[in-house]
Amino acid sequence: MNEIQSGEPGRQSRQLAPAQHGWQRWLPGVRMLREYQPSWLPRDLVAGLVLTTMLVPVGIAYAQASGVPGIYGLYATIVPLLAYALFGPSRILVLGPDSALAAIILAVVLPLSGGDPLRAITLASAMALVSGVVCVCAGLFRLGFITELLSKPIRYGYMNGIALTVLISQTPKLFDIAVDSTGPLRDIMNLGRALLDGQANWSAFAVGAGTLGTILVLKRFQRLPGILIAVVAATVVAGSLDLAANHGLKVLGSLPQGLPGFAVPWLQVGDLATVVVGGCAVALVSFADTSVLSRTYAAKTRSQVDPNQEMVGLGIANLATGLFQGFPISSSSSRTPVAEAAGSRTQFTGVFGALGVTLLLLLAPDLLMHLPNSALAAVVIAAAIGLFEFNDLKRIYRIQRWEFWLSITCFVGVAVLGAVPGIGLAVVVAVIEFLWDGWRPHYAVLGRVDGIRGYHDINRYPRARLIPGLVLFRWDAPLFFANAEFFQNCIQEALAQSPTPVRRVVVAAEPVTSVDVTSADMLIELDQSLRTANIELRFAEMKDPVKDKLLRLGVLEQVGSDIFHPTIGAAVDSFLDEYNVDWTP
């Protein structure tokens with residue numbers, strides 16, 4: 001229990017593992033509450049207060065971008081945070097309205113609502129229910145393994161691309177300049193033109209730059225809530241100097257009032273198909289985005305997160321917001337790092353953030369009315385800077401350059417194409433990476449090296465002795481459709497290079513973990529070809545599950561069932577005895 005007493009919740013995965021059985025597996029929040037330490041409470045509380053200052057304007061903005069009134073963005077912030085705190089496995093992930101989903105929601109809501117705000121939120125809430133059902137089903141059917149396709153370099157590239165995208169999107173707000181997003185490169189050009197045309201509000205820039213500088217300077221003092229200090233200071237300066245009236249500074253203004261109520265979003269039959277398709281699209285995007293972000297922060301905090309439970313938590317959060325006048329939500333790549341930078345330790349940060357938004361709506365809707373938009377942009381920019389990963393990429397460049405360039409490819413894909421296409425590109429690159437490793441794997445012809453036990457690669461040990469008439473061939477990968485022909489060609493090449501006529505070839509098959517129909521048919525064809533040349537095909541150290549597959553696929557029926565040897569040494573001894581070969585191991 002020493003690690004639990006250290007006060008680092010991210011390092012408790014080994015201690016918490018036994019508690020994941022039974023009903024508690026589905027309620028990670030209950031487990032977290034049982035192990036919660038009083039020393040975490042101040043940091044979670046401060047992080048929740050800081051998070052509140054972002055949740056309010058972002059929630060309103062993303063609601064409007066999704067085609068629904070701004071108040072529903074706050075509803076879609078409060079309810080999912082509370083639901084995910086109970087059902088979500090990640091200790092730090094922040095859920096809520098997301099820019100990547102806004103375009104999908106708007107595409108469904110805008111043509112069907114006819115400008116009616118109540119109908120718009122009904123449609124959006126129904127999309128959240130569809131998305132929730134899809135995500136919960138994905139978790140229950142254990143489809144979370146898909147996230148394992150994303151290697152560390154690919155995750156680095158994705159997150160670096162997200163960081164750059166967020167950085168570029170928020171920079172115009174430092175100058176109080178409105179730029180329609182048309183892609184990162186064009187956004188930079190449009191910002192440059194706007195600055196040259198004199199559209200910048202330098203008072204806004206001074207406040208934003210001051211806020212950013214304060215956050216970055218105070219970041220080195222871990223016990224100080226730098227973000228909260230900077231935001232409060234910016235609000236006080238803007239309010240006391242009345243910068244909104246005197247210098248045209250854009251501020252948050254008064255908040256809408258009211259709390260969410262339970263409401264089932266009943267749809268018209270004609271809207272059902274469109275809403276289901278849109279909800280499934282939302283689920284796919286939020287599934288991919290949340291999986292990447294969750295795995296990234298799990299690695300960063302040295303914790304373990306069950307990807308299937310992550311999908312269940314995300315799904316229940318969407319179901320909850322759909323039933324309480326919200327719209328589809330996902331994890332946030334901008335608010336999560338804000339929570340982390342503010343010192344968040346557990347999901348109580350999200351709970352405090354939700355309670356903060358609730359209290360603002362009930363008690364003090366005008367408390368943040370003087371909060372400058374440029375200060376909010378500075379908070380997001382500071383968080384984006386913390387997302388960049390360069391040091392480990394330098395290490396990857398030194399030890400494995402092709403993986404470094406994979407990371408750069410994903411980075412460029414996200415930065416140029418956007419987060420959603422970037423996720424698709426990352427998955428495609430990951431699949432190509434996996435197939436490439438299996439498509440052209442390492443293989444070796446083995447020989448005996450004097451003074452070293454076992455049989456070893458003759459390319460690494462040129463003085464290794466070969467057994468006359470026998471080829472020992474090791475294949476370091478599963479056998480499947482992509483490498484079956486390559487395997488056959490490599491066997492033929494090894495036979496052609498043998499210094500003595502070959503009577504038997506033994507495949508050292510310990511690294512072979514699987515076969516498929518294509519490779520099974522190839523083995524039958526290879527055996528027939530070798531028999532024509534009076535050469536026998538044998539296998540050594542093959543695993544029993546692979547043997548079972550060969551039996552099911554009909555290979556043993558064609559080539560015989562007496563082709564296996566338990567070890568390479570046994571295969572060599574058998575050959576020496578059967579052919580009376582004079583060779584000393």
# chains A, B, ... in the order shown; residues from 1 in each chain; ligands from 1
>>> residues_around(residues="A:Pro511", least_positions_apart="5", cutoff="7 Å", atoms="only C-alpha atoms", output="PDB file with C-alpha atoms, in the first residue's frame")
ATOM      1  CA  TRP A 475      10.288 -17.750 -39.314  1.00  0.00           C
ATOM      2  CA  ASP A 476       9.781 -14.854 -36.857  1.00  0.00           C
ATOM      3  CA  ALA A 477       6.114 -13.966 -37.413  1.00  0.00           C
TER       4      ALA A 477
END
>>> residues_around(residues="A:Gln497", least_positions_apart="6", cutoff="12 Å", atoms="only C-alpha atoms", output="compact mmCIF listing (two decimals) with all heavy atoms, in the first residue's frame")
# COMPACT_ATOMS: atom_id res chain seq x y z
N VAL A 445 18.30 -18.89 -41.44
CA VAL A 445 18.77 -20.27 -41.52
C VAL A 445 19.67 -20.49 -40.31
O VAL A 445 20.55 -19.66 -40.02
CB VAL A 445 19.52 -20.54 -42.83
CG1 VAL A 445 20.12 -21.94 -42.82
CG2 VAL A 445 18.58 -20.38 -44.02
N LEU A 466 26.61 -26.22 -40.43
CA LEU A 466 25.34 -26.68 -40.96
C LEU A 466 25.30 -28.20 -40.95
O LEU A 466 26.34 -28.88 -41.08
CB LEU A 466 25.12 -26.16 -42.37
CG LEU A 466 25.07 -24.63 -42.54
CD1 LEU A 466 24.96 -24.27 -44.02
CD2 LEU A 466 23.90 -24.04 -41.77
N GLY A 469 22.51 -32.02 -45.51
CA GLY A 469 21.23 -32.55 -45.94
C GLY A 469 20.02 -31.99 -45.20
O GLY A 469 18.89 -32.35 -45.51
N LEU A 470 20.27 -31.10 -44.20
CA LEU A 470 19.17 -30.56 -43.42
C LEU A 470 19.22 -29.03 -43.41
O LEU A 470 20.29 -28.44 -43.21
CB LEU A 470 19.25 -31.07 -41.97
CG LEU A 470 18.20 -30.52 -40.99
CD1 LEU A 470 16.80 -31.02 -41.37
CD2 LEU A 470 18.53 -30.94 -39.56
N VAL A 471 18.07 -28.41 -43.63
CA VAL A 471 17.96 -26.95 -43.53
C VAL A 471 17.07 -26.63 -42.34
O VAL A 471 15.91 -27.08 -42.29
CB VAL A 471 17.38 -26.34 -44.82
CG1 VAL A 471 17.04 -24.87 -44.59
CG2 VAL A 471 18.38 -26.46 -45.96
N CYS A 490 11.14 -17.69 -49.47
CA CYS A 490 12.31 -17.73 -48.59
C CYS A 490 12.78 -19.16 -48.35
O CYS A 490 13.99 -19.43 -48.27
CB CYS A 490 12.00 -17.05 -47.27
SG CYS A 490 11.76 -15.27 -47.40
N ILE A 491 11.83 -20.10 -48.21
CA ILE A 491 12.18 -21.51 -48.06
C ILE A 491 12.93 -21.99 -49.30
O ILE A 491 13.99 -22.65 -49.22
CB ILE A 491 10.92 -22.37 -47.85
CG1 ILE A 491 10.32 -22.11 -46.47
CG2 ILE A 491 11.24 -23.85 -48.03
CD1 ILE A 491 11.00 -22.80 -45.33
>>> residues_around(residues="stretch 38-44 of chain A", least_positions_apart="6", cutoff="7 Å", atoms="only C-alpha atoms", output="MDAnalysis selection string")
chainID A and resid 343:346 348:349
>>> closest_atom_pairs(of="stretch 33-104 of chain A", to="stretch 277-297 of chain A", cutoff="9 Å", atoms="only C-alpha atoms", output="tab-separated table")
residue	atom	partner	partner_atom	distance
A:Ser90	CA	A:Ser294	CA	6.7
A:Ile92	CA	A:Tyr297	CA	7.6
A:Leu93	CA	A:Ser294	CA	6.7
A:Leu95	CA	A:Thr290	CA	8.9
A:Asp98	CA	A:Ser286	CA	8.9
A:Ala100	CA	A:Val285	CA	7.7
A:Leu101	CA	A:Val282	CA	6.3
A:Ile104	CA	A:Gly278	CA	6.7
>>> select_by_dssp(residues="stretch 128-174 of chain A", states="alpha helix (DSSP H)", output="ChimeraX atom specification")
/A:128-140,152-174
>>> residues_around(residues="A:Gly350", least_positions_apart="3", cutoff="8 Å", atoms="only C-alpha atoms", output="ChimeraX atom specification")
/A:48,51,81-82,85,94,347,353-354
>>> write_last_selection(atoms="C-alpha atoms", output="PDB file, in the first residue's frame")
ATOM      1  CA  GLY A  48     -12.440  22.379 -10.569  1.00  0.00           C
ATOM      2  CA  LEU A  51     -12.044  24.325 -15.075  1.00  0.00           C
ATOM      3  CA  LEU A  81     -19.247  15.355 -15.966  1.00  0.00           C
ATOM      4  CA  LEU A  82     -21.325  13.920 -13.128  1.00  0.00           C
ATOM      5  CA  ALA A  85     -17.264  10.659 -12.606  1.00  0.00           C
ATOM      6  CA  VAL A  94     -12.840  15.944 -19.002  1.00  0.00           C
ATOM      7  CA  GLN A 347     -12.674  12.927 -11.356  1.00  0.00           C
ATOM      8  CA  GLY A 353     -16.477  21.893 -12.270  1.00  0.00           C
ATOM      9  CA  ALA A 354     -20.079  20.767 -12.795  1.00  0.00           C
TER      10      ALA A 354
END
>>> residues_around(residues="stretch 425-431 of chain A", least_positions_apart="5", cutoff="12 Å", atoms="only C-alpha atoms", output="ChimeraX atom specification")
/A:146-159,161,288-289,291-292,402-403,405-420,436-439
